[in-house]
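These notes concern the structure reproduced below.
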Amino acid sequence: MIESPHYTAEHEIFRTNVRRFIERECLPHRKAWQAECRPPHALWEKAGAAGLLCTKMSPEYGGADGDLYHCMIIIEEQTRACFNELAFYLHSDIIAPYIELYGTPSQRQRYLPKMATGEYTAAIAMTEPSGGSDLQAMRTRAVKAGDHYLLTGQKTFISNAQTADFILVAAKTDVDAGARGVSLFIVDVREAEGFALGRNLRKIGCKVQDTSELFFDNVHVPAENLLGGAEGRGFYHLMQRLPEERLIMAMSAVVNMEAAADEAVAYAKDRRVFDKRLIEHQAARFELAEAKTVTTVARAYLERCIDLFVENQFDAEAGAMAKWWTTEKCCEVIDQCLQLFGGYGYMKETPIARRWMDARLGRIAGGTNEIMKDLIGRSL
């Protein structure tokens with residue numbers, strides 16, 4: 001059980017429901033979804049019916065009025081089942097808050113209840129072919145034309161786009177205003193003439209989480225779909241939300257390295273090498289001792305970060321530190337653990353190999369770790 005005054009028995013009941021959902025509705029379909037490189041839209045409706053979506057959202061819009069520990073539980077359970085690429089967190093804990101916190105009343109009423117039920121699925125589009133971490137340099141443009149905007153540009157590496165009903169798109173509404181010229185638009189993809197969904201990109205890992213290119217050719221976006229109804233607030237909104245996104249990435253990293261370490265210990269106790277169990281060899285024990293120590297420290301650090309977030313004391317610097325350190329250590333620990341499996345660790349069908357492939361994304365997504373260190377350095 002998580003050690004925190006904010007973690008309750010009610011959270012544990014929720015955990016049981018999450019575990020049951022993953023075992024019944026997800027694991028039997030993993031191979032098929034990996035082959036398709038995306039889950040079916042119906043999964044989201046099942047998740048909504050089971051109460052797994054938008055757990056932090058206000059009950060006014062169909063949410064459960066929960067906290068970040070509900071997100072943590074979902075990540076823990078799907079990661080321990082080696083199915084951490086299911087992007088429930090992206091839909092519920094990253095995109096939905098943009099609309100709930102910054103949207104107009106009509107935008108909240110139109111989108112949030114359907115996000116909670118899974119009728120609508122969502123994606124967010126920031127990264128472009130010319131760059132990802134430097135958001136101010138984006139080239140996608142939105143030009144006002146009467147009661148609508150004309151959206152032109154290209155995005156790439158966009159998760160959830162293959163099944164998304166709408167996409168939150170960052171674009172420049174004033175090319176000369178720098179960060180103050182960025183705005184966010186809600187693009188209903190089924191109604192967007194001039195919008196083209198590109199190919200589903202094939203990644204090293206996270207196979208079930210679809211990742212796409214997006215193309216906008218003078219797409220007519222109603223002015224009422226400008227998030228919050230005011231131009232120039234997009235960069236501010238993005239910066240406000242990134243610390244939580246990076247904390248969520250830290251959650252995934254810590255749980256992934258914990259699961260890898262547990263699997264390596266179990267394997268080392270069973271595998272025999274030179275007439276001894278692998279764990280009886282000092283070199284293997286030392287590797288496992290290091291993994292145990294790092295994961296223990298990472299867990300304590302993570303839970304403290306979540307407490308700070310729940311108490312509204314978690315800032316951008318804290319998010320950058322949590323994200324870069326945990327994702328780096330995750331890759332190190334999993335690589336150590338994979339080595340103990342020998343040739344079996346290099347086989348794609350083994351959990352440790354899948355963890356190794358999936359973990360590598362953490363050091364890139366949400367802002368590269370080099371950018372995280374630069375952000376921290378600027379505050380010194």
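Residues in the structure tokens are named by chain (A, B, ... in the order shown) and by number from 1 within that chain; ligands are numbered from 1 in the order shown.
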
Neighbour list for Met57 of chain A as a list in words, cut-off 8 Å, only C-alpha atoms, skip fewer than 2 positions in-chain: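 With the cut-off at 8 Å, the set is Cys54, Thr55, Pro59, Tyr61, Gly62, Gly63, Ala64, Asp65, Gly66, Ala96, Pro97 and Glu100 of chain A.
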
Let me see the file: selected residues, C-alpha atoms, as an mmCIF file, in the first residue's frame.
```cif
data_model
loop_
_atom_site.group_PDB
_atom_site.id
_atom_site.type_symbol
_atom_site.label_atom_id
_atom_site.label_comp_id
_atom_site.auth_asym_id
_atom_site.auth_seq_id
_atom_site.Cartn_x
_atom_site.Cartn_y
_atom_site.Cartn_z
ATOM 1 C CA CYS A 54 -11.399 11.258 -15.824
ATOM 2 C CA THR A 55 -11.185 10.219 -12.171
ATOM 3 C CA PRO A 59 -18.830 15.190 -10.704
ATOM 4 C CA TYR A 61 -19.169 16.746 -15.682
ATOM 5 C CA GLY A 62 -19.315 13.056 -14.863
ATOM 6 C CA GLY A 63 -15.964 12.704 -13.083
ATOM 7 C CA ALA A 64 -15.212 11.062 -9.750
ATOM 8 C CA ASP A 65 -13.679 14.108 -7.986
ATOM 9 C CA GLY A 66 -10.611 12.004 -7.189
ATOM 10 C CA ALA A 96 -9.329 16.694 -19.807
ATOM 11 C CA PRO A 97 -7.897 19.208 -17.287
ATOM 12 C CA GLU A 100 -12.022 21.723 -17.296
#
```

From the DSSP assignment of the backbone, select every residue of segment 111-352 of chain A that is strand (DSSP E), and format the answer as JSON, numbers by chain. {"A": [122, 123, 124, 125, 141, 142, 143, 144, 145, 148, 149, 150, 151, 152, 153, 154, 155, 156, 157, 158, 159, 166, 167, 168, 169, 170, 171, 172, 182, 183, 184, 185, 186, 187, 188, 195, 196, 197, 198, 199, 200, 211, 212, 213, 214, 215, 216, 217, 218, 219, 220, 221, 222, 272, 273, 276, 277]}

Pick out the closest residue to Thr327 of chain A from this set: A:Gly377, A:Met251, A:Ala266, A:Lys276. Count only C-alpha atoms.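 Answer, going by the shortest atom-to-atom distance: A:Met251.
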
Calculated over only C-alpha atoms, which of the candidates A:Ala81, A:Leu86, A:Leu197, A:Cys71 has the smallest distance to Pro39 of chain A? A:Leu86

Of the listed residues A:Ala359, A:Thr156, A:Ala223, A:Ile306, that which approaches Tyr7 of chain A most closely, counting only C-alpha atoms: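 Checking each candidate against Tyr7 of chain A, we get A:Ile306 as the closest.
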
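Among the candidates A:His11, A:Arg180, A:His91, A:Arg108, the residue lying nearest to Glu231 of chain A is A:Arg180 (atoms considered: only C-alpha atoms).
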
For Gly367 of chain A, work out the shell of residues within 12 Å, counting only C-alpha atoms and skipping chain neighbours fewer than 6 positions away, then give it as a list in words. Met126, Thr127, Gly131, Gly132, Ser133, Asp134, Leu135, Met239, Leu242, Pro243, Glu245, Arg246, Met249, Gly319, Ala320, Met321, Lys323, Trp324, Thr327, Leu361, Lys373, Asp374 and Leu375 of chain A

Those residues with N, CA and C atoms, as a PDB file, in the first residue's frame please?
```pdb
ATOM      1  N   MET A 126       1.146  19.016 -29.966  1.00  0.00           N
ATOM      2  CA  MET A 126       2.116  20.092 -29.777  1.00  0.00           C
ATOM      3  C   MET A 126       3.315  19.914 -30.718  1.00  0.00           C
ATOM      4  N   THR A 127       3.905  18.714 -30.726  1.00  0.00           N
ATOM      5  CA  THR A 127       5.159  18.457 -31.440  1.00  0.00           C
ATOM      6  C   THR A 127       4.990  18.570 -32.961  1.00  0.00           C
ATOM      7  N   GLY A 131      10.512  20.315 -34.670  1.00  0.00           N
ATOM      8  CA  GLY A 131      10.948  20.353 -33.278  1.00  0.00           C
ATOM      9  C   GLY A 131       9.822  20.044 -32.325  1.00  0.00           C
ATOM     10  N   GLY A 132      10.209  19.599 -31.120  1.00  0.00           N
ATOM     11  CA  GLY A 132       9.214  19.238 -30.125  1.00  0.00           C
ATOM     12  C   GLY A 132       9.325  20.043 -28.848  1.00  0.00           C
ATOM     13  N   SER A 133      10.504  20.072 -28.241  1.00  0.00           N
ATOM     14  CA  SER A 133      10.659  20.721 -26.940  1.00  0.00           C
ATOM     15  C   SER A 133      10.564  22.236 -27.029  1.00  0.00           C
ATOM     16  N   ASP A 134      10.951  22.831 -28.169  1.00  0.00           N
ATOM     17  CA  ASP A 134      10.888  24.281 -28.348  1.00  0.00           C
ATOM     18  C   ASP A 134       9.516  24.672 -28.890  1.00  0.00           C
ATOM     19  N   LEU A 135       8.550  24.779 -27.986  1.00  0.00           N
ATOM     20  CA  LEU A 135       7.175  25.027 -28.413  1.00  0.00           C
ATOM     21  C   LEU A 135       6.989  26.399 -29.051  1.00  0.00           C
ATOM     22  N   MET A 239       2.392  25.491 -20.179  1.00  0.00           N
ATOM     23  CA  MET A 239       3.395  25.521 -19.111  1.00  0.00           C
ATOM     24  C   MET A 239       2.781  25.177 -17.749  1.00  0.00           C
ATOM     25  N   LEU A 242       2.348  21.167 -17.797  1.00  0.00           N
ATOM     26  CA  LEU A 242       3.482  20.271 -18.008  1.00  0.00           C
ATOM     27  C   LEU A 242       4.045  19.652 -16.724  1.00  0.00           C
ATOM     28  N   PRO A 243       4.084  20.359 -15.576  1.00  0.00           N
ATOM     29  CA  PRO A 243       4.607  19.692 -14.370  1.00  0.00           C
ATOM     30  C   PRO A 243       3.835  18.423 -14.009  1.00  0.00           C
ATOM     31  N   GLU A 245       2.115  16.518 -16.128  1.00  0.00           N
ATOM     32  CA  GLU A 245       2.425  15.520 -17.149  1.00  0.00           C
ATOM     33  C   GLU A 245       3.760  14.846 -16.847  1.00  0.00           C
ATOM     34  N   ARG A 246       4.743  15.636 -16.427  1.00  0.00           N
ATOM     35  CA  ARG A 246       6.061  15.067 -16.138  1.00  0.00           C
ATOM     36  C   ARG A 246       6.043  14.228 -14.874  1.00  0.00           C
ATOM     37  N   MET A 249       4.737  10.902 -15.890  1.00  0.00           N
ATOM     38  CA  MET A 249       5.791  10.128 -16.528  1.00  0.00           C
ATOM     39  C   MET A 249       6.724   9.516 -15.488  1.00  0.00           C
ATOM     40  N   GLY A 319       8.834  19.249 -11.317  1.00  0.00           N
ATOM     41  CA  GLY A 319       8.411  18.340 -12.369  1.00  0.00           C
ATOM     42  C   GLY A 319       9.567  17.929 -13.259  1.00  0.00           C
ATOM     43  N   ALA A 320      10.427  18.880 -13.595  1.00  0.00           N
ATOM     44  CA  ALA A 320      11.587  18.575 -14.432  1.00  0.00           C
ATOM     45  C   ALA A 320      12.540  17.618 -13.727  1.00  0.00           C
ATOM     46  N   MET A 321      12.776  17.847 -12.435  1.00  0.00           N
ATOM     47  CA  MET A 321      13.680  16.974 -11.687  1.00  0.00           C
ATOM     48  C   MET A 321      13.125  15.564 -11.583  1.00  0.00           C
ATOM     49  N   LYS A 323      10.945  14.065 -13.516  1.00  0.00           N
ATOM     50  CA  LYS A 323      10.857  13.404 -14.815  1.00  0.00           C
ATOM     51  C   LYS A 323      12.209  12.889 -15.280  1.00  0.00           C
ATOM     52  N   TRP A 324      13.247  13.737 -15.269  1.00  0.00           N
ATOM     53  CA  TRP A 324      14.520  13.305 -15.845  1.00  0.00           C
ATOM     54  C   TRP A 324      15.177  12.228 -14.990  1.00  0.00           C
ATOM     55  N   THR A 327      13.189   8.710 -15.122  1.00  0.00           N
ATOM     56  CA  THR A 327      13.249   8.038 -16.412  1.00  0.00           C
ATOM     57  C   THR A 327      14.662   7.556 -16.732  1.00  0.00           C
ATOM     58  N   LEU A 361      11.231   5.523 -24.188  1.00  0.00           N
ATOM     59  CA  LEU A 361      10.457   6.703 -24.559  1.00  0.00           C
ATOM     60  C   LEU A 361      10.467   7.756 -23.459  1.00  0.00           C
ATOM     61  N   LYS A 373      17.058  19.211 -17.646  1.00  0.00           N
ATOM     62  CA  LYS A 373      18.228  19.688 -16.900  1.00  0.00           C
ATOM     63  C   LYS A 373      18.472  21.176 -17.144  1.00  0.00           C
ATOM     64  N   ASP A 374      18.218  21.628 -18.374  1.00  0.00           N
ATOM     65  CA  ASP A 374      18.385  23.044 -18.676  1.00  0.00           C
ATOM     66  C   ASP A 374      17.385  23.884 -17.885  1.00  0.00           C
ATOM     67  N   LEU A 375      16.134  23.396 -17.799  1.00  0.00           N
ATOM     68  CA  LEU A 375      15.123  24.119 -17.028  1.00  0.00           C
ATOM     69  C   LEU A 375      15.532  24.240 -15.558  1.00  0.00           C
TER      70      LEU A 375
END
```
